[in-house]
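Raw contents of input.tsv, TSV, C-alpha atoms:
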```tsv
chain	number	residue	atom	x	y	z
A	23	MET	CA	82.12	242.33	3.29
A	24	ASN	CA	85.72	243.13	2.29
A	25	ALA	CA	86.82	246.31	0.56
A	26	SER	CA	86.70	244.74	-2.88
A	27	ALA	CA	83.15	243.50	-2.44
A	28	ALA	CA	82.04	246.79	-0.93
A	29	SER	CA	83.38	248.70	-3.91
A	30	THR	CA	81.84	246.40	-6.47
A	31	ALA	CA	78.54	245.34	-4.94
A	32	SER	CA	76.70	248.30	-6.45
A	33	ALA	CA	78.31	247.54	-9.81
A	34	VAL	CA	76.62	244.17	-10.11
A	35	THR	CA	72.96	243.88	-10.93
A	36	ALA	CA	70.56	241.16	-11.96
A	37	LEU	CA	69.27	241.96	-15.42
A	38	ALA	CA	66.20	240.61	-17.13
A	39	HIS	CA	67.00	239.23	-20.58
A	40	GLY	CA	65.04	237.62	-23.36
A	41	LYS	CA	63.29	234.28	-23.31
A	42	GLY	CA	65.21	231.42	-21.78
A	43	ARG	CA	67.30	233.63	-19.49
A	44	ALA	CA	65.40	234.75	-16.42
A	45	ALA	CA	68.34	236.68	-14.98
A	46	GLN	CA	71.96	237.47	-15.62
A	47	ILE	CA	74.55	239.43	-13.71
A	48	ASP	CA	76.37	242.29	-15.37
A	49	PRO	CA	79.66	242.72	-13.50
A	50	LEU	CA	80.30	246.05	-15.25
A	51	ALA	CA	76.87	247.61	-14.71
A	52	ALA	CA	78.07	250.49	-12.52
A	53	LEU	CA	80.94	251.25	-14.90
A	54	ARG	CA	78.93	251.61	-18.09
A	55	ALA	CA	78.47	255.07	-19.56
A	56	ALA	CA	77.44	256.74	-22.78
A	57	GLY	CA	80.16	256.53	-25.40
A	58	ASP	CA	81.59	253.26	-24.10
A	59	PRO	CA	82.80	250.68	-26.64
A	60	PRO	CA	79.91	248.46	-27.77
A	61	TRP	CA	81.76	245.31	-26.61
A	62	ASP	CA	83.49	244.38	-23.40
A	63	VAL	CA	85.80	241.81	-24.99
A	64	TYR	CA	86.89	241.09	-28.55
A	65	LEU	CA	88.69	237.93	-29.62
A	66	THR	CA	89.53	236.07	-32.78
A	67	GLY	CA	90.76	232.58	-33.62
A	68	THR	CA	89.67	229.18	-34.88
A	69	VAL	CA	86.42	227.49	-33.84
A	70	PHE	CA	86.58	223.69	-33.70
A	71	LEU	CA	83.89	221.12	-33.19
A	72	ASP	CA	85.09	219.28	-30.09
A	73	ILE	CA	84.20	215.64	-29.51
A	74	ILE	CA	85.18	214.63	-25.98
A	75	PHE	CA	85.51	211.11	-24.59
A	76	THR	CA	85.67	210.74	-20.81
A	77	GLY	CA	85.64	207.84	-18.38
A	78	LEU	CA	88.64	206.15	-19.96
A	79	ASP	CA	90.66	204.07	-17.51
A	80	SER	CA	93.91	204.76	-19.35
A	81	ALA	CA	95.33	206.13	-22.56
A	82	PRO	CA	94.24	204.24	-25.70
A	83	VAL	CA	96.55	201.30	-26.39
A	84	ARG	CA	97.84	200.68	-29.89
A	85	GLY	CA	96.01	197.89	-31.69
A	86	THR	CA	93.11	197.79	-29.24
A	87	GLU	CA	89.64	199.33	-28.96
A	88	SER	CA	88.80	201.46	-25.95
A	89	TRP	CA	85.27	202.24	-24.76
A	90	ALA	CA	84.56	205.53	-23.01
A	91	ARG	CA	81.90	205.77	-20.30
A	92	GLY	CA	81.06	209.35	-21.30
A	93	MET	CA	81.00	211.51	-24.42
A	94	GLY	CA	80.13	215.07	-25.29
A	95	SER	CA	80.18	217.45	-28.26
A	96	SER	CA	80.53	221.22	-28.18
A	97	PRO	CA	82.12	224.18	-29.97
A	98	GLY	CA	85.82	224.36	-29.12
A	99	GLY	CA	88.98	226.31	-29.86
A	100	VAL	CA	88.44	230.04	-29.43
A	101	ALA	CA	84.78	229.25	-28.63
A	102	ASN	CA	85.93	228.08	-25.19
A	103	MET	CA	87.09	231.55	-24.23
A	104	ALA	CA	84.21	233.36	-25.92
A	105	THR	CA	81.59	231.27	-24.15
A	106	ALA	CA	83.28	231.62	-20.76
A	107	LEU	CA	83.33	235.41	-21.13
A	108	ALA	CA	79.71	235.60	-22.26
A	109	ARG	CA	78.50	233.39	-19.39
A	110	LEU	CA	80.10	235.81	-16.94
A	111	GLY	CA	77.97	238.62	-18.35
A	112	LEU	CA	80.55	240.29	-20.59
A	113	ARG	CA	79.43	241.56	-23.98
A	114	THR	CA	81.57	239.44	-26.26
A	115	SER	CA	82.42	239.84	-29.95
A	116	LEU	CA	84.09	236.99	-31.84
A	117	ALA	CA	85.73	237.03	-35.27
A	118	ALA	CA	86.13	233.53	-36.68
A	119	ALA	CA	85.58	231.48	-39.82
A	120	PHE	CA	82.76	228.92	-39.82
A	121	GLY	CA	82.30	226.15	-42.36
A	122	ASP	CA	79.02	225.87	-44.22
A	123	ASP	CA	78.62	222.23	-43.13
A	124	HIS	CA	76.39	220.90	-40.33
A	125	TYR	CA	79.20	221.27	-37.81
A	126	GLY	CA	79.53	224.93	-38.76
A	127	ASP	CA	75.76	225.43	-38.46
A	128	TYR	CA	75.78	223.87	-35.00
A	129	CYS	CA	78.73	225.92	-33.73
A	130	TRP	CA	77.30	229.18	-35.11
A	131	ASP	CA	73.90	228.54	-33.53
A	132	ALA	CA	75.38	227.43	-30.20
A	133	LEU	CA	77.45	230.60	-29.90
A	134	ALA	CA	75.11	233.20	-31.38
A	135	GLN	CA	71.74	231.93	-30.20
A	136	GLY	CA	72.74	229.82	-27.21
A	137	GLU	CA	75.32	232.16	-25.67
A	138	GLY	CA	74.48	235.59	-27.10
A	139	ILE	CA	77.96	236.08	-28.60
A	140	ASP	CA	78.18	238.70	-31.36
A	141	LEU	CA	79.34	237.11	-34.61
A	142	THR	CA	79.08	240.20	-36.81
A	143	ALA	CA	82.83	240.07	-37.40
A	144	SER	CA	82.69	236.34	-38.23
A	145	ARG	CA	82.06	234.79	-41.64
A	146	ARG	CA	80.74	231.62	-43.25
A	147	VAL	CA	83.11	230.00	-45.75
A	148	PRO	CA	81.40	228.07	-48.58
A	149	GLY	CA	82.90	224.66	-49.23
A	150	TRP	CA	85.21	224.75	-46.19
A	151	HIS	CA	84.73	222.03	-43.63
A	152	SER	CA	84.82	222.79	-39.91
A	153	PRO	CA	87.98	221.86	-37.99
A	154	VAL	CA	87.43	218.96	-35.58
A	155	THR	CA	89.20	217.94	-32.37
A	156	VAL	CA	88.74	214.62	-30.59
A	157	SER	CA	89.76	214.86	-26.93
A	158	MET	CA	90.26	211.86	-24.67
A	159	ALA	CA	90.28	212.57	-20.92
A	160	TYR	CA	91.81	210.12	-18.46
A	161	GLU	CA	93.70	210.24	-15.16
A	162	GLY	CA	93.16	213.99	-14.93
A	163	GLU	CA	94.92	214.56	-18.26
A	164	ARG	CA	93.83	214.65	-21.88
A	165	THR	CA	95.08	213.63	-25.30
A	166	MET	CA	93.80	215.39	-28.40
A	167	VAL	CA	93.75	214.67	-32.12
A	168	SER	CA	92.74	217.51	-34.46
A	169	HIS	CA	92.10	217.93	-38.17
A	170	GLY	CA	91.43	221.03	-40.21
A	171	HIS	CA	92.61	223.33	-42.99
A	172	GLU	CA	93.24	227.07	-43.09
A	173	PRO	CA	90.17	228.90	-44.40
A	174	PRO	CA	90.61	230.80	-47.67
A	175	PRO	CA	91.91	234.36	-47.13
A	176	GLU	CA	89.18	236.94	-46.89
A	177	GLU	CA	89.06	239.64	-49.53
A	178	PRO	CA	89.24	242.53	-49.07
A	179	THR	CA	91.35	242.83	-45.91
A	180	PRO	CA	88.92	243.23	-42.97
A	181	ASP	CA	88.56	246.62	-41.34
A	182	CYS	CA	89.77	247.40	-37.83
A	183	PRO	CA	88.20	245.06	-35.27
A	184	PRO	CA	85.21	246.46	-33.37
A	185	ARG	CA	85.83	248.74	-30.40
A	186	ALA	CA	86.04	246.86	-27.11
A	187	ARG	CA	87.18	247.46	-23.55
A	188	ALA	CA	89.49	244.45	-23.75
A	189	ALA	CA	90.72	241.77	-26.09
A	190	VAL	CA	92.21	238.33	-25.52
A	191	ALA	CA	95.12	237.29	-27.73
A	192	SER	CA	96.84	233.92	-28.00
A	193	LEU	CA	100.46	234.75	-28.80
A	194	VAL	CA	102.38	232.58	-31.26
A	195	PRO	CA	106.20	232.78	-31.31
A	196	GLY	CA	107.44	234.46	-34.47
A	197	ALA	CA	103.92	235.23	-35.71
A	198	PRO	CA	102.77	238.68	-34.57
A	199	ALA	CA	99.10	239.50	-35.12
A	200	PRO	CA	98.67	243.01	-36.61
A	201	TRP	CA	95.26	243.43	-35.00
A	202	VAL	CA	96.79	243.43	-31.49
A	203	ALA	CA	98.75	246.66	-32.00
A	204	GLN	CA	95.80	248.08	-33.93
A	205	VAL	CA	93.24	247.70	-31.15
A	206	ALA	CA	95.74	248.57	-28.40
A	207	ALA	CA	96.35	251.91	-30.13
A	208	HIS	CA	92.63	252.62	-29.75
A	209	GLY	CA	92.66	251.97	-26.00
A	210	THR	CA	91.70	248.30	-25.87
A	211	ARG	CA	93.29	246.45	-22.94
A	212	ILE	CA	95.05	243.29	-24.17
A	213	PHE	CA	95.21	240.06	-22.14
A	214	ALA	CA	97.45	237.39	-23.62
A	215	ASP	CA	98.19	233.73	-23.15
A	216	VAL	CA	100.63	231.56	-25.09
A	217	GLY	CA	100.98	227.98	-26.21
A	218	TRP	CA	103.92	225.60	-26.18
A	219	ASP	CA	106.89	226.86	-28.21
A	220	ASP	CA	107.48	224.04	-30.70
A	221	THR	CA	110.67	225.76	-31.89
A	222	GLY	CA	112.28	225.24	-28.50
A	223	ALA	CA	113.70	228.77	-28.56
A	224	TRP	CA	111.59	230.18	-25.72
A	225	ASP	CA	112.61	233.71	-26.67
A	226	LEU	CA	110.43	236.56	-25.45
A	227	ALA	CA	111.73	238.63	-28.37
A	228	ALA	CA	109.71	236.28	-30.59
A	229	LEU	CA	106.54	237.62	-28.90
A	230	PRO	CA	106.58	241.29	-30.03
A	231	ASP	CA	102.86	241.64	-29.35
A	232	LEU	CA	103.64	241.33	-25.64
A	233	ALA	CA	104.67	245.00	-25.76
A	234	HIS	CA	101.03	245.92	-26.38
A	235	CYS	CA	99.62	243.75	-23.59
A	236	GLU	CA	98.43	244.71	-20.12
A	237	ALA	CA	98.53	241.15	-18.77
A	238	PHE	CA	100.30	237.90	-19.69
A	239	LEU	CA	98.95	234.59	-18.35
A	240	PRO	CA	101.29	231.64	-19.10
A	241	ASN	CA	101.43	228.40	-17.13
A	242	ALA	CA	104.34	227.68	-14.81
A	243	GLU	CA	106.41	225.67	-17.29
A	244	GLU	CA	105.99	228.26	-20.04
A	245	ALA	CA	106.84	231.13	-17.68
A	246	MET	CA	110.01	229.45	-16.41
A	247	ARG	CA	111.23	228.53	-19.89
A	248	TYR	CA	110.67	232.05	-21.23
A	249	THR	CA	112.51	233.64	-18.30
A	250	GLY	CA	115.21	231.02	-17.73
A	251	THR	CA	114.20	230.65	-14.09
A	252	THR	CA	113.56	227.54	-12.00
A	253	CYS	CA	110.77	228.97	-9.85
A	254	PRO	CA	107.38	230.01	-11.29
A	255	ARG	CA	107.06	232.85	-8.79
A	256	ALA	CA	110.46	234.22	-9.79
A	257	ALA	CA	109.37	233.83	-13.41
A	258	ALA	CA	106.30	235.97	-12.75
A	259	HIS	CA	108.48	238.77	-11.34
A	260	ALA	CA	110.85	238.49	-14.30
A	261	LEU	CA	107.99	238.77	-16.78
A	262	THR	CA	106.96	242.15	-15.36
A	263	ALA	CA	109.99	243.60	-17.16
A	264	PHE	CA	108.03	242.93	-20.37
A	265	VAL	CA	104.38	243.33	-19.36
A	266	PRO	CA	102.72	245.26	-16.48
A	267	LEU	CA	100.83	242.31	-15.02
A	268	ALA	CA	102.06	238.70	-14.97
A	269	VAL	CA	99.81	235.83	-13.89
A	270	VAL	CA	101.35	232.36	-13.70
A	271	THR	CA	99.08	229.35	-13.26
A	272	LEU	CA	100.56	226.68	-10.99
A	273	GLY	CA	98.29	223.72	-11.75
A	274	ALA	CA	97.15	222.02	-8.54
A	275	GLU	CA	98.90	224.74	-6.51
A	276	GLY	CA	96.71	227.55	-7.87
A	277	ALA	CA	98.08	230.78	-9.34
A	278	TYR	CA	100.51	233.59	-8.57
A	279	ALA	CA	100.38	237.16	-9.89
A	280	VAL	CA	102.53	240.29	-9.82
A	281	ASP	CA	101.39	243.79	-10.80
A	282	ARG	CA	104.40	245.97	-11.65
A	283	ARG	CA	102.35	249.16	-11.58
A	284	THR	CA	101.16	248.80	-7.99
A	285	GLY	CA	103.83	246.47	-6.59
A	286	GLU	CA	101.03	244.13	-5.54
A	287	THR	CA	101.48	240.36	-5.47
A	288	ALA	CA	98.89	237.66	-4.81
A	289	GLU	CA	98.79	233.90	-4.57
A	290	VAL	CA	95.66	231.77	-4.32
A	291	PRO	CA	95.62	227.96	-3.95
A	292	ALA	CA	93.54	225.82	-6.28
A	293	ILE	CA	90.17	224.40	-5.26
A	294	GLU	CA	90.28	220.62	-5.00
A	295	VAL	CA	87.60	219.04	-7.19
A	296	GLU	CA	87.07	215.72	-8.93
A	297	ALA	CA	87.79	216.58	-12.56
A	298	LEU	CA	85.61	215.01	-15.24
A	299	ASP	CA	87.19	216.81	-18.20
A	300	PRO	CA	89.94	219.48	-18.05
A	301	THR	CA	89.30	220.71	-21.62
A	302	GLY	CA	89.12	224.50	-21.71
A	303	ALA	CA	89.89	225.06	-18.02
A	304	GLY	CA	92.74	227.44	-18.88
A	305	ASP	CA	90.42	229.49	-21.09
A	306	VAL	CA	87.85	229.71	-18.30
A	307	PHE	CA	90.57	230.86	-15.89
A	308	VAL	CA	91.57	233.68	-18.26
A	309	ALA	CA	87.93	234.68	-18.74
A	310	GLY	CA	87.38	234.89	-14.99
A	311	PHE	CA	90.50	237.00	-14.55
A	312	VAL	CA	89.49	239.35	-17.38
A	313	ALA	CA	86.02	239.80	-15.87
A	314	GLY	CA	87.44	240.66	-12.45
A	315	THR	CA	90.00	243.04	-13.93
A	316	LEU	CA	87.46	244.95	-15.99
A	317	ALA	CA	85.24	245.17	-12.90
A	318	GLY	CA	88.10	246.68	-10.90
A	319	TRP	CA	88.51	243.96	-8.27
A	320	ARG	CA	91.65	243.62	-6.19
A	321	LEU	CA	94.28	241.21	-7.50
A	322	ALA	CA	93.72	238.41	-4.96
A	323	ASP	CA	89.98	238.37	-5.67
A	324	ARG	CA	90.60	238.17	-9.40
A	325	LEU	CA	92.87	235.17	-8.91
A	326	ALA	CA	90.40	233.46	-6.58
A	327	PHE	CA	87.50	234.04	-8.96
A	328	ALA	CA	89.46	232.80	-11.98
A	329	GLY	CA	90.47	229.65	-10.10
A	330	LEU	CA	86.91	229.04	-8.95
A	331	THR	CA	85.42	229.32	-12.43
A	332	ALA	CA	88.10	226.97	-13.79
A	333	ALA	CA	87.43	224.45	-11.01
A	334	LEU	CA	83.70	224.48	-11.70
A	335	SER	CA	84.32	223.99	-15.43
A	336	VAL	CA	86.28	220.73	-15.12
A	337	GLN	CA	83.27	219.06	-13.51
A	338	GLU	CA	81.35	219.18	-16.80
A	339	PHE	CA	81.95	217.78	-20.30
A	340	GLY	CA	83.59	219.84	-23.00
A	341	GLY	CA	85.46	223.12	-23.21
A	342	SER	CA	83.00	225.86	-24.12
A	343	LEU	CA	79.80	224.40	-22.68
A	344	SER	CA	81.44	223.45	-19.40
A	345	ALA	CA	82.02	227.12	-18.52
A	346	PRO	CA	80.02	228.16	-15.44
A	347	GLY	CA	77.60	231.04	-15.28
A	348	TRP	CA	76.72	233.17	-12.28
A	349	SER	CA	74.03	230.69	-11.27
A	350	GLU	CA	76.60	227.92	-10.78
A	351	ILE	CA	78.90	230.28	-8.91
A	352	ALA	CA	76.06	231.32	-6.58
A	353	THR	CA	75.05	227.70	-5.98
A	354	TRP	CA	78.67	226.77	-5.12
A	355	TRP	CA	78.99	229.70	-2.70
A	356	ARG	CA	75.82	228.80	-0.83
A	357	LYS	CA	76.80	225.14	-0.67
A	358	VAL	CA	80.29	225.64	0.75
A	359	ARG	CA	78.99	228.00	3.42
A	360	SER	CA	76.41	225.43	4.50
A	361	LEU	CA	78.92	222.62	5.03
A	362	ASP	CA	80.33	221.94	8.49
A	363	GLY	CA	84.04	221.99	9.16
A	364	GLN	CA	84.99	224.53	6.51
A	365	ASP	CA	88.30	226.34	6.95
A	366	PRO	CA	87.42	229.93	7.98
A	367	ALA	CA	90.46	231.26	6.12
A	368	ALA	CA	89.35	229.51	2.92
A	369	LEU	CA	85.84	230.92	3.23
A	370	GLU	CA	87.24	234.39	3.82
A	371	ARG	CA	89.20	234.07	0.57
A	372	TYR	CA	85.90	233.98	-1.34
A	373	ALA	CA	83.96	236.36	0.90
A	374	PHE	CA	83.96	238.96	-1.87
A	375	LEU	CA	81.33	236.82	-3.60
A	376	ALA	CA	78.80	237.75	-0.91
A	377	GLY	CA	78.67	241.26	-2.28
A	378	LEU	CA	78.31	240.10	-5.87
A	379	LEU	CA	75.68	237.38	-5.79
A	380	PRO	CA	72.01	238.11	-5.09
A	381	GLU	CA	70.38	235.38	-3.04
A	382	GLU	CA	67.77	234.70	-5.73
A	383	CYS	CA	70.46	233.88	-8.32
A	384	ALA	CA	70.31	230.12	-7.78
A	385	ARG	CA	70.00	228.71	-11.30
A	386	PRO	CA	67.68	231.02	-13.21
A	387	TRP	CA	68.16	229.35	-16.57
A	388	PRO	CA	69.64	225.99	-17.55
A	389	LEU	CA	73.02	226.27	-19.22
A	390	ARG	CA	73.52	224.34	-22.42
A	391	ARG	CA	75.87	221.41	-21.85
A	392	ALA	CA	77.83	219.12	-24.15
A	393	VAL	CA	75.84	216.05	-25.22
A	394	PRO	CA	76.88	212.91	-27.13
A	395	THR	CA	75.43	214.15	-30.43
A	396	ILE	CA	75.24	217.65	-31.86
A	397	GLY	CA	71.49	217.58	-32.25
A	398	PHE	CA	68.26	215.63	-32.24
A	399	ARG	CA	65.46	215.79	-34.76
A	400	ARG	CA	62.56	217.75	-33.40
A	401	PRO	CA	59.22	215.92	-33.38
A	402	ALA	CA	56.88	216.95	-36.17
```

Output the structure of this file as structure tokens.
Amino acid sequence: MNASAASTASAVTALAHGKGRAAQIDPLAALRAAGDPPWDVYLTGTVFLDIIFTGLDSAPVRGTESWARGMGSSPGGVANMATALARLGLRTSLAAAFGDDHYGDYCWDALAQGEGIDLTASRRVPGWHSPVTVSMAYEGERTMVSHGHEPPPEEPTPDCPPRARAAVASLVPGAPAPWVAQVAAHGTRIFADVGWDDTGAWDLAALPDLAHCEAFLPNAEEAMRYTGTTCPRAAAHALTAFVPLAVVTLGAEGAYAVDRRTGETAEVPAIEVEALDPTGAGDVFVAGFVAGTLAGWRLADRLAFAGLTAALSVQEFGGSLSAPGWSEIATWWRKVRSLDGQDPAALERYAFLAGLLPEECARPWPLRRAVPTIGFRRPA
């Protein structure tokens, strides 16, 4: 067992939960104390109903009809991140608007009842229809079409978000989110990602919330454009002038991270898998990294764990409901160790899992997965 596993093994326990969940691992068990924030992670954003088509041989061709060999439906948008966090045993609070249509009912139930996510800070909006995204996966890529409207503003202005150890923010150029500075001032650790800059400016000054963040997790192209570099690893080092911890995802090459506070760097290659649907893989990666950071793991282990959870997620339909739980992680770890011809160095990279996963954690409860329709009528 390596140093990271030795230091965290006692912090991970199998917990008995309510009906339907025979066991769950709490990665922060040894760190919890009286007076802690009620939530491990807070996040806010838009929940979509995702409809995913897979098994397409190519992109849809104009003027023709394409048939997909697979289809799934699941909550999407910010629900991807919230579900991934909850399935890793983190107490997750989500603030989002939900329509009062059937799609909204389904998403609310899937997150609150199915995943145990706290929706106290969320609201139902009468007469507002749920945003919808149709995602088409082919050749390892995806094309998405979305539709939705901004929900009506809430009156009065909501109070300060609930206390949490950490929060995940999606930064938007030129659009600072007041809640980020608000929760950071109360000690919440902020992890941020960012989307494509449609303005083309790629100016870090347009991301003022970055000053409140502990970690920034862009992809390689985003990192290089924001820093004006031609190497993603150089971009990661450049970003540490603006944020203590920079994590740059490298696609098929894995991920690279630099911690300015400790001087530590780490790089972990990606796990090769046959991807069914890449929707939400980036969100799952961030969730895995947040979990490892809050648990106090070393940087290389956090990167390896985040990459593993993302790799497991792309083998299932959908964004939110493809996220793995500890049971899937334990099953993967046992399987790879049982196969002949494994690279000892690769196995050593994930050896920290041996101190985290109890042998009995095989698949204690079936995870909800994306299915072609959002529900079936129950027999009378």

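As for atom CA of Ala81 of chain A and atom CA of Trp218 of chain A, they are spaced 21.6 Å apart.
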
For the interface of segment 274-379 of chain A with segment 50-66 of chain A (cut-off 12 Å, counting only C-alpha atoms), please tabulate each contacting residue of segment 274-379 of chain A alongside its nearest pair of atoms and their separation in Å to one decimal, rows sorted by chain and increasing number, as JSON lines.
```
{"residue": "A:Ala309", "atom": "CA", "partner": "A:Val63", "partner_atom": "CA", "distance": 9.7}
{"residue": "A:Val312", "atom": "CA", "partner": "A:Val63", "partner_atom": "CA", "distance": 8.8}
{"residue": "A:Ala313", "atom": "CA", "partner": "A:Leu50", "partner_atom": "CA", "distance": 8.5}
{"residue": "A:Gly314", "atom": "CA", "partner": "A:Leu50", "partner_atom": "CA", "distance": 9.4}
{"residue": "A:Thr315", "atom": "CA", "partner": "A:Leu50", "partner_atom": "CA", "distance": 10.2}
{"residue": "A:Leu316", "atom": "CA", "partner": "A:Leu50", "partner_atom": "CA", "distance": 7.3}
{"residue": "A:Ala317", "atom": "CA", "partner": "A:Leu50", "partner_atom": "CA", "distance": 5.5}
{"residue": "A:Gly318", "atom": "CA", "partner": "A:Leu50", "partner_atom": "CA", "distance": 9.0}
{"residue": "A:Trp319", "atom": "CA", "partner": "A:Leu50", "partner_atom": "CA", "distance": 11.0}
{"residue": "A:Leu378", "atom": "CA", "partner": "A:Leu50", "partner_atom": "CA", "distance": 11.3}
```

Contacts of segment 118-124 of chain A at 6 Å or less, counting all atoms listed in the file, minus same-chain residues fewer than 5 places along, as a short mmCIF file (atom, residue, chain, number, x, y, z; two decimals) with C-alpha atoms, in the coordinates of the input?
```
data_model
loop_
_atom_site.label_atom_id
_atom_site.label_comp_id
_atom_site.auth_asym_id
_atom_site.auth_seq_id
_atom_site.Cartn_x
_atom_site.Cartn_y
_atom_site.Cartn_z
CA THR A 66 89.53 236.07 -32.78
CA GLY A 67 90.76 232.58 -33.62
CA THR A 68 89.67 229.18 -34.88
CA SER A 144 82.69 236.34 -38.23
CA ARG A 145 82.06 234.79 -41.64
CA ARG A 146 80.74 231.62 -43.25
CA VAL A 147 83.11 230.00 -45.75
CA PRO A 148 81.40 228.07 -48.58
CA TRP A 150 85.21 224.75 -46.19
CA HIS A 151 84.73 222.03 -43.63
CA SER A 152 84.82 222.79 -39.91
#
```

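Atom CA of Gly329 of chain A is found 16.3 Å from atom CA of Ala367 of chain A.
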
### Query
What is the distance, in Å and to one decimal place, between atom CA of Arg255 of chain A and atom CA of Tyr278 of chain A?
6.6 Å
